[in-house]
$ cat model33.tsv   # TSV, C-alpha atoms
chain	number	residue	atom	x	y	z
A	1	MET	CA	0.00	0.00	0.00
A	2	ASP	CA	2.73	2.45	1.04
A	3	THR	CA	4.70	1.31	-1.96
A	4	TYR	CA	1.87	2.25	-4.31
A	5	ILE	CA	1.61	5.72	-2.77
A	6	LEU	CA	5.36	6.11	-3.07
A	7	TYR	CA	5.37	5.03	-6.71
A	8	GLY	CA	2.36	7.18	-7.46
A	9	THR	CA	4.00	10.24	-5.95
A	10	ALA	CA	7.29	9.61	-7.73
A	11	ALA	CA	5.54	9.03	-11.07
A	12	LEU	CA	3.44	12.16	-10.67
A	13	PHE	CA	6.43	14.38	-9.92
A	14	LEU	CA	8.47	12.75	-12.66
A	15	ALA	CA	5.72	13.44	-15.20
A	16	LEU	CA	5.39	17.01	-13.95
A	17	SER	CA	9.12	17.51	-14.14
A	18	PHE	CA	9.33	15.99	-17.62
A	19	PHE	CA	6.52	18.21	-18.81
A	20	LYS	CA	8.21	21.33	-17.49
A	21	ASP	CA	11.81	20.69	-18.39
A	22	LYS	CA	13.17	17.60	-20.14
A	23	LYS	CA	16.79	18.44	-19.56
A	24	LYS	CA	16.36	18.97	-15.84
A	25	THR	CA	14.45	15.71	-15.62
A	26	GLY	CA	17.33	13.91	-17.28
A	27	MET	CA	19.67	15.46	-14.75
A	28	ALA	CA	17.42	14.35	-11.90
A	29	LEU	CA	17.36	10.78	-13.20
A	30	LYS	CA	21.12	10.75	-13.49
A	31	LYS	CA	21.47	12.05	-9.93
A	32	ALA	CA	19.01	9.47	-8.65
A	33	TRP	CA	20.96	6.65	-10.28
A	34	LYS	CA	24.32	7.94	-9.05
A	35	ALA	CA	23.05	8.34	-5.47
A	36	PHE	CA	21.75	4.78	-5.62
A	37	GLU	CA	24.86	3.24	-7.16
A	38	ASN	CA	26.98	5.07	-4.63
A	39	ILE	CA	25.43	3.23	-1.72
A	40	LEU	CA	24.75	-0.11	-3.44
A	41	PRO	CA	27.88	-1.96	-2.21
A	42	GLU	CA	27.06	-1.21	1.44
A	43	PHE	CA	23.40	-2.08	0.91
A	44	LEU	CA	24.30	-5.46	-0.53
A	45	VAL	CA	26.58	-6.32	2.39
A	46	VAL	CA	23.92	-5.28	4.90
A	47	ILE	CA	21.28	-7.37	3.17
A	48	LEU	CA	23.50	-10.46	3.20
A	49	LEU	CA	24.41	-9.99	6.88
A	50	VAL	CA	20.75	-9.59	7.82
A	51	GLY	CA	19.97	-12.75	5.89
A	52	VAL	CA	22.56	-14.71	7.88
A	53	LEU	CA	21.40	-13.17	11.16
A	54	LEU	CA	17.75	-13.99	10.59
A	55	ALA	CA	18.64	-17.49	9.42
A	56	VAL	CA	20.49	-18.15	12.67
A	57	LEU	CA	18.12	-16.29	15.01
A	58	ASN	CA	14.62	-17.54	14.32
A	59	THR	CA	11.44	-16.35	15.95
A	60	GLU	CA	11.26	-19.14	18.50
A	61	MET	CA	14.77	-18.39	19.62
A	62	ILE	CA	14.07	-14.68	20.07
A	63	SER	CA	10.87	-15.61	21.87
A	64	LYS	CA	12.75	-17.93	24.21
A	65	ILE	CA	15.32	-15.26	25.03
A	66	ILE	CA	12.89	-12.45	25.81
A	67	GLY	CA	9.93	-14.48	26.93
A	68	ALA	CA	11.59	-16.49	29.66
A	69	GLU	CA	13.26	-13.63	31.52
A	70	SER	CA	11.53	-10.86	33.29
A	71	GLY	CA	12.73	-7.58	34.76
A	72	TRP	CA	15.69	-5.55	33.60
A	73	ALA	CA	17.76	-8.55	32.50
A	74	GLY	CA	15.04	-9.36	30.00
A	75	VAL	CA	14.84	-5.70	29.00
A	76	ILE	CA	18.58	-5.57	28.34
A	77	ILE	CA	18.48	-8.75	26.27
A	78	ALA	CA	15.41	-7.51	24.39
A	79	ALA	CA	17.09	-4.19	23.63
A	80	LEU	CA	20.26	-5.95	22.48
A	81	VAL	CA	18.32	-8.29	20.19
A	82	GLY	CA	16.39	-5.34	18.81
A	83	ALA	CA	19.56	-3.34	18.26
A	84	ILE	CA	21.35	-6.09	16.38
A	85	THR	CA	18.55	-7.49	14.26
A	86	LEU	CA	16.97	-5.65	11.40
A	87	ILE	CA	13.45	-6.90	11.00
A	88	PRO	CA	10.99	-4.99	8.82
A	89	GLY	CA	8.14	-3.44	10.82
A	90	PHE	CA	5.42	-5.53	9.25
A	91	VAL	CA	7.21	-8.63	10.54
A	92	ALA	CA	8.39	-7.10	13.82
A	93	PHE	CA	5.03	-5.90	15.15
A	94	PRO	CA	3.14	-9.17	14.69
A	95	THR	CA	6.19	-10.95	16.14
A	96	ALA	CA	6.10	-8.62	19.13
A	97	ALA	CA	2.38	-9.27	19.52
A	98	MET	CA	3.09	-13.01	19.43
A	99	LEU	CA	5.80	-12.63	22.05
A	100	LEU	CA	3.41	-10.72	24.28
A	101	GLN	CA	0.88	-13.51	24.01
A	102	GLY	CA	3.64	-15.97	24.75
A	103	GLY	CA	4.28	-14.33	28.09
A	104	ALA	CA	6.83	-11.61	27.38
A	105	GLY	CA	6.43	-8.42	29.39
A	106	TYR	CA	5.41	-5.06	27.97
A	107	MET	CA	8.62	-3.53	29.22
A	108	GLN	CA	10.73	-6.05	27.29
A	109	ILE	CA	8.66	-5.62	24.15
A	110	GLY	CA	8.91	-1.82	24.48
A	111	ALA	CA	12.69	-2.10	24.65
A	112	PHE	CA	12.75	-4.54	21.75
A	113	VAL	CA	10.57	-2.46	19.43
A	114	SER	CA	12.31	0.78	20.32
A	115	ALA	CA	15.84	-0.56	19.86
A	116	LEU	CA	14.79	-2.37	16.71
A	117	MET	CA	13.63	0.83	15.08
A	118	MET	CA	16.15	3.36	16.37
A	119	VAL	CA	19.36	1.35	16.67
A	120	GLY	CA	20.85	-0.31	13.63
A	121	VAL	CA	24.03	-2.22	14.30
A	122	VAL	CA	24.04	-3.98	10.95
A	123	THR	CA	23.24	-0.81	9.02
A	124	MET	CA	26.09	1.05	10.67
A	125	PRO	CA	28.38	0.72	7.62
A	126	VAL	CA	25.76	2.57	5.55
A	127	GLU	CA	25.23	5.19	8.25
A	128	MET	CA	28.98	5.73	8.65
A	129	LYS	CA	29.37	6.37	4.96
A	130	TYR	CA	27.09	9.39	5.34
A	131	PHE	CA	27.68	10.56	8.90
A	132	GLY	CA	31.16	9.34	9.77
A	133	LYS	CA	32.17	6.94	12.52
A	134	ARG	CA	31.81	9.13	15.60
A	135	LEU	CA	28.34	10.49	14.96
A	136	THR	CA	27.06	7.06	13.91
A	137	ILE	CA	28.35	5.40	17.08
A	138	LEU	CA	27.12	8.22	19.32
A	139	ARG	CA	23.67	8.24	17.73
A	140	ASN	CA	23.28	4.51	18.11
A	141	ILE	CA	24.46	4.56	21.74
A	142	LEU	CA	22.06	7.37	22.65
A	143	ALA	CA	19.20	5.65	20.86
A	144	PHE	CA	20.04	2.43	22.71
A	145	ILE	CA	19.98	4.18	26.09
A	146	PHE	CA	16.74	5.89	25.10
A	147	SER	CA	15.17	2.47	24.46
A	148	PHE	CA	15.41	1.79	28.19
A	149	ALA	CA	13.52	4.97	28.99
A	150	VAL	CA	10.86	3.90	26.49
A	151	ALA	CA	10.76	0.45	28.08
A	152	ALA	CA	10.34	1.88	31.56
A	153	ILE	CA	7.52	4.22	30.58
A	154	ILE	CA	5.72	1.59	28.49
A	155	GLY	CA	6.04	-0.83	31.37
A	156	LEU	CA	4.54	1.79	33.66
A	157	VAL	CA	1.72	2.95	31.39
A	158	VAL	CA	0.78	-0.18	29.45
A	159	GLY	CA	2.00	-2.92	31.74
A	160	GLY	CA	0.79	-1.17	34.86
A	161	ILE	CA	3.77	-2.24	36.97
B	1	MET	CA	37.20	-2.00	-13.16
B	2	LYS	CA	39.75	-1.96	-10.35
B	3	LEU	CA	37.72	0.72	-8.64
B	4	VAL	CA	34.57	-1.36	-8.93
B	5	LEU	CA	36.36	-4.34	-7.39
B	6	LYS	CA	37.59	-2.21	-4.53
B	7	ARG	CA	34.16	-0.75	-3.80
B	8	TYR	CA	32.51	-4.16	-3.86
B	9	ARG	CA	35.29	-5.88	-1.93
B	10	ALA	CA	33.29	-6.25	1.29
B	11	PHE	CA	30.36	-7.61	-0.71
B	12	ILE	CA	32.55	-10.20	-2.45
B	13	ILE	CA	34.07	-11.28	0.87
B	14	THR	CA	30.58	-11.67	2.37
B	15	VAL	CA	29.44	-13.76	-0.60
B	16	ILE	CA	32.45	-16.04	-0.18
B	17	ALA	CA	31.77	-16.29	3.58
B	18	ILE	CA	28.17	-17.31	2.87
B	19	GLY	CA	29.50	-19.88	0.40
B	20	PHE	CA	31.48	-21.40	3.25
B	21	LEU	CA	28.45	-21.21	5.51
B	22	ILE	CA	26.49	-23.26	2.97
B	23	LEU	CA	29.29	-25.85	2.89
B	24	PHE	CA	29.42	-25.90	6.67
B	25	ASN	CA	25.72	-25.79	7.44
B	26	ARG	CA	23.63	-26.26	4.35
B	27	GLN	CA	20.30	-25.55	5.99
B	28	ILE	CA	21.21	-22.26	7.65
B	29	GLY	CA	23.30	-21.14	4.66
B	30	LEU	CA	20.51	-21.66	2.17
B	31	LYS	CA	18.00	-20.06	4.51
B	32	ALA	CA	20.30	-17.02	4.75
B	33	VAL	CA	20.52	-16.82	0.94
B	34	ASN	CA	16.76	-17.13	0.70
B	35	ILE	CA	16.11	-14.37	3.27
B	36	SER	CA	18.71	-12.11	1.62
B	37	ALA	CA	17.16	-12.63	-1.80
B	38	ASN	CA	13.74	-11.77	-0.38
B	39	SER	CA	14.92	-8.61	1.30
B	40	PHE	CA	16.81	-7.64	-1.85
B	41	ILE	CA	13.61	-7.91	-3.87
B	42	GLU	CA	11.75	-5.97	-1.20
B	43	MET	CA	14.41	-3.27	-1.26
B	44	MET	CA	14.31	-3.07	-5.03
B	45	LEU	CA	10.56	-2.54	-4.85
B	46	VAL	CA	10.71	0.28	-2.31
B	47	ILE	CA	13.89	2.10	-3.14
B	48	PRO	CA	13.61	3.31	-6.77
B	49	PRO	CA	10.86	5.88	-6.09
B	50	VAL	CA	12.76	7.21	-3.05
B	51	PHE	CA	15.85	7.90	-5.10
B	52	LEU	CA	13.79	9.23	-7.97
B	53	LEU	CA	12.11	11.75	-5.65
B	54	LEU	CA	15.53	12.60	-4.25
B	55	GLY	CA	16.91	13.34	-7.72
B	56	LEU	CA	13.92	15.52	-8.53
B	57	LEU	CA	14.20	17.35	-5.20
B	58	ASP	CA	17.86	17.97	-5.83
B	59	VAL	CA	17.27	19.44	-9.28
B	60	TRP	CA	14.08	21.39	-8.69
B	61	VAL	CA	14.11	22.73	-5.13
B	62	PRO	CA	16.57	25.62	-4.77
B	63	ARG	CA	18.91	25.71	-1.81
B	64	GLU	CA	17.45	29.01	-0.61
B	65	THR	CA	14.00	27.46	-0.18
B	66	MET	CA	15.32	24.59	1.92
B	67	VAL	CA	17.46	26.95	4.00
B	68	ARG	CA	14.47	29.18	4.64
B	69	PHE	CA	12.29	26.30	5.82
B	70	MET	CA	14.81	24.04	7.55
B	71	GLY	CA	18.14	25.88	7.75
B	72	GLU	CA	19.78	27.94	10.49
B	73	GLY	CA	17.22	30.20	12.11
B	74	SER	CA	14.27	28.18	10.83
B	75	GLY	CA	13.37	27.61	14.49
B	76	ILE	CA	10.37	25.56	15.52
B	77	LYS	CA	9.10	25.50	11.93
B	78	GLY	CA	12.24	23.61	10.88
B	79	VAL	CA	11.90	21.18	13.79
B	80	LEU	CA	8.27	20.43	12.96
B	81	LEU	CA	8.96	20.04	9.25
B	82	SER	CA	11.86	17.66	9.97
B	83	LEU	CA	9.62	15.57	12.24
B	84	LEU	CA	6.85	15.55	9.66
B	85	ILE	CA	8.95	14.66	6.62
B	86	GLY	CA	10.75	11.94	8.59
B	87	SER	CA	7.45	10.51	9.81
B	88	ALA	CA	5.94	10.41	6.35
B	89	ALA	CA	8.64	8.05	5.12
B	90	ALA	CA	7.74	4.51	4.20
B	91	CYS	CA	11.02	2.65	3.96
B	92	PRO	CA	13.61	1.37	6.48
B	93	LEU	CA	16.16	3.58	8.19
B	94	TYR	CA	18.88	3.05	5.61
B	95	GLY	CA	16.72	4.93	3.11
B	96	ALA	CA	16.95	8.03	5.30
B	97	PHE	CA	20.68	8.53	4.89
B	98	PRO	CA	20.71	9.45	1.17
B	99	VAL	CA	17.83	11.84	1.82
B	100	ALA	CA	19.77	13.39	4.71
B	101	ALA	CA	22.75	13.84	2.39
B	102	VAL	CA	20.68	15.84	-0.08
B	103	PHE	CA	19.18	17.87	2.79
B	104	MET	CA	22.67	18.71	4.03
B	105	LYS	CA	23.68	19.72	0.54
B	106	LYS	CA	20.68	22.03	0.45
B	107	GLY	CA	21.72	23.70	3.69
B	108	VAL	CA	19.35	22.13	6.21
B	109	LYS	CA	20.44	22.76	9.79
B	110	PHE	CA	22.37	19.95	11.46
B	111	SER	CA	20.01	19.46	14.40
B	112	ASN	CA	17.08	19.28	11.96
B	113	ILE	CA	18.91	16.57	10.01
B	114	LEU	CA	19.23	14.62	13.26
B	115	ILE	CA	15.55	15.12	14.09
B	116	PHE	CA	14.65	13.97	10.60
B	117	ILE	CA	16.74	10.79	11.02
B	118	GLY	CA	15.15	10.16	14.42
B	119	ALA	CA	11.64	10.61	13.09
B	120	TRP	CA	12.35	8.38	10.10
B	121	SER	CA	13.68	5.69	12.40
B	122	THR	CA	10.79	5.51	14.79
B	123	THR	CA	7.69	7.64	14.27
B	124	LYS	CA	6.79	6.61	10.73
B	125	ILE	CA	3.08	7.09	10.16
B	126	PRO	CA	2.48	3.86	8.17
B	127	MET	CA	4.37	1.91	10.84
B	128	PHE	CA	2.39	3.60	13.59
B	129	LEU	CA	-0.84	2.35	12.05
B	130	PHE	CA	0.63	-1.10	11.88
B	131	GLU	CA	1.87	-0.92	15.45
B	132	THR	CA	-1.58	0.12	16.64
B	133	ALA	CA	-3.13	-2.85	14.89
B	134	SER	CA	-0.73	-5.40	16.37
B	135	LEU	CA	0.20	-4.06	19.80
B	136	GLY	CA	-2.77	-1.91	20.66
B	137	VAL	CA	-3.52	1.80	20.75
B	138	LYS	CA	-2.17	2.29	24.26
B	139	PHE	CA	1.22	0.82	23.41
B	140	ALA	CA	1.60	2.69	20.10
B	141	VAL	CA	0.43	6.06	21.41
B	142	THR	CA	2.57	5.84	24.55
B	143	ARG	CA	5.61	5.02	22.45
B	144	LEU	CA	4.87	7.85	20.03
B	145	LEU	CA	4.45	10.36	22.87
B	146	ILE	CA	7.80	9.38	24.41
B	147	ASP	CA	9.54	9.19	21.06
B	148	ILE	CA	8.85	12.74	19.89
B	149	PRO	CA	10.56	14.49	22.82
B	150	GLY	CA	13.16	11.70	22.80
B	151	ILE	CA	14.08	12.34	19.17
B	152	ILE	CA	14.43	16.06	19.78
B	153	MET	CA	16.49	15.44	22.91
B	154	ILE	CA	18.82	12.98	21.16
B	155	ALA	CA	19.25	15.44	18.28
B	156	PHE	CA	20.06	18.20	20.75
B	157	VAL	CA	22.60	16.11	22.68
B	158	LEU	CA	24.24	14.88	19.48
B	159	SER	CA	24.61	18.36	18.04
B	160	LYS	CA	26.27	19.42	21.30
B	161	LEU	CA	28.63	16.43	21.25
B	162	ILE	CA	29.77	16.91	17.66
B	163	SER	CA	32.16	19.80	17.04
B	164	LYS	CA	31.67	22.44	14.34
B	165	GLU	CA	34.59	21.04	12.35
B	166	GLU	CA	33.09	17.55	12.41
B	167	VAL	CA	29.74	18.90	11.24
B	168	GLN	CA	31.51	20.71	8.45
B	169	LYS	CA	33.27	17.51	7.44
B	170	ILE	CA	29.99	15.61	7.40
B	171	TYR	CA	28.40	18.29	5.21
B	172	GLN	CA	31.41	18.22	2.87
B	173	ASN	CA	31.11	14.46	2.63
B	174	ALA	CA	27.40	14.76	1.83
B	175	GLU	CA	28.26	17.19	-0.94
B	176	ASN	CA	30.61	14.62	-2.49
B	177	ILE	CA	28.29	11.66	-2.10
B	178	SER	CA	25.22	13.16	-3.74
B	179	LYS	CA	26.94	15.05	-6.51
$ encode --input "model33.tsv" --output "structure tokens"
Amino acid sequence: MDTYILYGTAALFLALSFFKDKKKTGMALKKAWKAFENILPEFLVVILLVGVLLAVLNTEMISKIIGAESGWAGVIIAALVGAITLIPGFVAFPTAAMLLQGGAGYMQIGAFVSALMMVGVVTMPVEMKYFGKRLTILRNILAFIFSFAVAAIIGLVVGGI
Amino acid sequence: MKLVLKRYRAFIITVIAIGFLILFNRQIGLKAVNISANSFIEMMLVIPPVFLLLGLLDVWVPRETMVRFMGEGSGIKGVLLSLLIGSAAACPLYGAFPVAAVFMKKGVKFSNILIFIGAWSTTKIPMFLFETASLGVKFAVTRLLIDIPGIIMIAFVLSKLISKEEVQKIYQNAENISK
């Protein structure tokens, strides 16, 4: 659904651009391709690493790790798993819902979801290419710490601890 | 050719490593290849329009406009716009970096770039709808309400931690990458 909107928007602007100025449109296409090709090697590596990671760490395993523990130990593990793995949202949210049903706490799931979305250990090579090493590491560390704040508040509000 | 080899060196090494993984553990190796192939296809479906829009933005929107809306002195307007544009995104975090590079090239303020990245990573509107459906309204709304100040706070702390020279270097690098 999102993809259709995205394609629709891109097609609309492309048509508009082409209608207004063919030469500029050509330039835009060239820039788009170059920006893409520039990052392609890093993308490919990330995709392969994620493939290996997800092949090794299956859902049951993640579930076992976060579901069995409770308290801050579980939160830390959940945040670590979230930080390392790169699961698309449409897989992650139903998985999180499943984990909740399987007995995981809201706090752990809050940490998992938050770290999953904000921290990207495997995408760090891509991030470093744009933002340099220091900023990338700092951003990921801060986002990781922030996941614990999210976990605590979600545990308080949703879990009612 | 040599340059291409050098740029794709890490990729080639990873492919060889996965080859060994398949030899070592056929089941996990093939599963990894399968998952990678799937996410590659998924990426190829989502990414072309993002880069296309980026190219168009780069060519059509003048630097002055971007500076006015999101540059130094754009104030709360710049913060809100960064949050909004980041939240409207529909693809994973790695898609945000090329966009950030073009924004930097167009003179968007550093802290707004960081807010944009933060919003892209965690307050995406399509994802929020999905989160609501799977984890409940209370969970999704609570997370959203913590995330917005959190993103701004992280952006603020980061821009304090990074020196002016480093910011300049990052902007220079962005200029080179999205030429």
$ atom_distance --input "model33.tsv" --atom1 "atom CA of B:Leu158" --atom2 "atom CA of B:Ser111"
8.0 Å
$ closest_residue --input "model33.tsv" --among "B:Ile85, B:Met44, B:Leu5, B:Leu135" --to "chain A" --atoms "only C-alpha atoms"
B:Leu135
$ interface_residues --input "model33.tsv" --of "chain B" --to "chain A" --cutoff "6 Å" --atoms "only C-alpha atoms" --output "list in words"
Tyr8, Phe11, Ile28, Lys31, Ala32, Ile35, Ser36, Pro49, Phe51, Leu52, Leu53, Gly55, Leu56, Val59, Ser121, Thr122, Glu131, Ser134, Leu135, Ile170 and Ser178 of chain B
$ write_last_selection --input "model33.tsv" --atoms "C-alpha atoms" --output "mmCIF file, in the frame of the given file"
data_model
loop_
_atom_site.group_PDB
_atom_site.id
_atom_site.type_symbol
_atom_site.label_atom_id
_atom_site.label_comp_id
_atom_site.auth_asym_id
_atom_site.auth_seq_id
_atom_site.Cartn_x
_atom_site.Cartn_y
_atom_site.Cartn_z
ATOM 1 C CA TYR B 8 32.510 -4.160 -3.860
ATOM 2 C CA PHE B 11 30.360 -7.610 -0.710
ATOM 3 C CA ILE B 28 21.210 -22.260 7.650
ATOM 4 C CA LYS B 31 18.000 -20.060 4.510
ATOM 5 C CA ALA B 32 20.300 -17.020 4.750
ATOM 6 C CA ILE B 35 16.110 -14.370 3.270
ATOM 7 C CA SER B 36 18.710 -12.110 1.620
ATOM 8 C CA PRO B 49 10.860 5.880 -6.090
ATOM 9 C CA PHE B 51 15.850 7.900 -5.100
ATOM 10 C CA LEU B 52 13.790 9.230 -7.970
ATOM 11 C CA LEU B 53 12.110 11.750 -5.650
ATOM 12 C CA GLY B 55 16.910 13.340 -7.720
ATOM 13 C CA LEU B 56 13.920 15.520 -8.530
ATOM 14 C CA VAL B 59 17.270 19.440 -9.280
ATOM 15 C CA SER B 121 13.680 5.690 12.400
ATOM 16 C CA THR B 122 10.790 5.510 14.790
ATOM 17 C CA GLU B 131 1.870 -0.920 15.450
ATOM 18 C CA SER B 134 -0.730 -5.400 16.370
ATOM 19 C CA LEU B 135 0.200 -4.060 19.800
ATOM 20 C CA ILE B 170 29.990 15.610 7.400
ATOM 21 C CA SER B 178 25.220 13.160 -3.740
#
$ residues_around --input "model33.tsv" --residues "stretch 103-110 of chain B" --least-positions-apart "5" --cutoff "10 Å" --atoms "only C-alpha atoms" --output "ChimeraX atom specification"
/B:54,57-58,61-75,78-79,82,97-98,115-116,155-156,158-159,167-168,170-179
$ atom_distance --input "model33.tsv" --atom1 "atom CA of A:Phe144" --atom2 "atom CA of B:Asn38"
27.8 Å
$ atom_distance --input "model33.tsv" --atom1 "atom CA of B:Met153" --atom2 "atom CA of B:Leu84"
16.4 Å
$ axis_aligned_box --input "model33.tsv" --around "stretch 139-150 of chain B" --padding-each-side "4 Å" --output "lines of an AutoDock Vina configuration file"
center_x = 6.8
center_y = 7.7
center_z = 22.2
size_x = 20.7
size_y = 21.7
size_z = 12.7
$ decode --input "model33.tsv" --residues "stretch 24-98 of chain B" --atoms "C-alpha atoms" --output "tab-separated table (two decimals), in the first residue's frame"
chain	number	residue	atom	x	y	z
B	24	PHE	CA	29.42	-25.90	6.67
B	25	ASN	CA	25.72	-25.79	7.44
B	26	ARG	CA	23.63	-26.26	4.35
B	27	GLN	CA	20.30	-25.55	5.99
B	28	ILE	CA	21.21	-22.26	7.65
B	29	GLY	CA	23.30	-21.14	4.66
B	30	LEU	CA	20.51	-21.66	2.17
B	31	LYS	CA	18.00	-20.06	4.51
B	32	ALA	CA	20.30	-17.02	4.75
B	33	VAL	CA	20.52	-16.82	0.94
B	34	ASN	CA	16.76	-17.13	0.70
B	35	ILE	CA	16.11	-14.37	3.27
B	36	SER	CA	18.71	-12.11	1.62
B	37	ALA	CA	17.16	-12.63	-1.80
B	38	ASN	CA	13.74	-11.77	-0.38
B	39	SER	CA	14.92	-8.61	1.30
B	40	PHE	CA	16.81	-7.64	-1.85
B	41	ILE	CA	13.61	-7.91	-3.87
B	42	GLU	CA	11.75	-5.97	-1.20
B	43	MET	CA	14.41	-3.27	-1.26
B	44	MET	CA	14.31	-3.07	-5.03
B	45	LEU	CA	10.56	-2.54	-4.85
B	46	VAL	CA	10.71	0.28	-2.31
B	47	ILE	CA	13.89	2.10	-3.14
B	48	PRO	CA	13.61	3.31	-6.77
B	49	PRO	CA	10.86	5.88	-6.09
B	50	VAL	CA	12.76	7.21	-3.05
B	51	PHE	CA	15.85	7.90	-5.10
B	52	LEU	CA	13.79	9.23	-7.97
B	53	LEU	CA	12.11	11.75	-5.65
B	54	LEU	CA	15.53	12.60	-4.25
B	55	GLY	CA	16.91	13.34	-7.72
B	56	LEU	CA	13.92	15.52	-8.53
B	57	LEU	CA	14.20	17.35	-5.20
B	58	ASP	CA	17.86	17.97	-5.83
B	59	VAL	CA	17.27	19.44	-9.28
B	60	TRP	CA	14.08	21.39	-8.69
B	61	VAL	CA	14.11	22.73	-5.13
B	62	PRO	CA	16.57	25.62	-4.77
B	63	ARG	CA	18.91	25.71	-1.81
B	64	GLU	CA	17.45	29.01	-0.61
B	65	THR	CA	14.00	27.46	-0.18
B	66	MET	CA	15.32	24.59	1.92
B	67	VAL	CA	17.46	26.95	4.00
B	68	ARG	CA	14.47	29.18	4.64
B	69	PHE	CA	12.29	26.30	5.82
B	70	MET	CA	14.81	24.04	7.55
B	71	GLY	CA	18.14	25.88	7.75
B	72	GLU	CA	19.78	27.94	10.49
B	73	GLY	CA	17.22	30.20	12.11
B	74	SER	CA	14.27	28.18	10.83
B	75	GLY	CA	13.37	27.61	14.49
B	76	ILE	CA	10.37	25.56	15.52
B	77	LYS	CA	9.10	25.50	11.93
B	78	GLY	CA	12.24	23.61	10.88
B	79	VAL	CA	11.90	21.18	13.79
B	80	LEU	CA	8.27	20.43	12.96
B	81	LEU	CA	8.96	20.04	9.25
B	82	SER	CA	11.86	17.66	9.97
B	83	LEU	CA	9.62	15.57	12.24
B	84	LEU	CA	6.85	15.55	9.66
B	85	ILE	CA	8.95	14.66	6.62
B	86	GLY	CA	10.75	11.94	8.59
B	87	SER	CA	7.45	10.51	9.81
B	88	ALA	CA	5.94	10.41	6.35
B	89	ALA	CA	8.64	8.05	5.12
B	90	ALA	CA	7.74	4.51	4.20
B	91	CYS	CA	11.02	2.65	3.96
B	92	PRO	CA	13.61	1.37	6.48
B	93	LEU	CA	16.16	3.58	8.19
B	94	TYR	CA	18.88	3.05	5.61
B	95	GLY	CA	16.72	4.93	3.11
B	96	ALA	CA	16.95	8.03	5.30
B	97	PHE	CA	20.68	8.53	4.89
B	98	PRO	CA	20.71	9.45	1.17
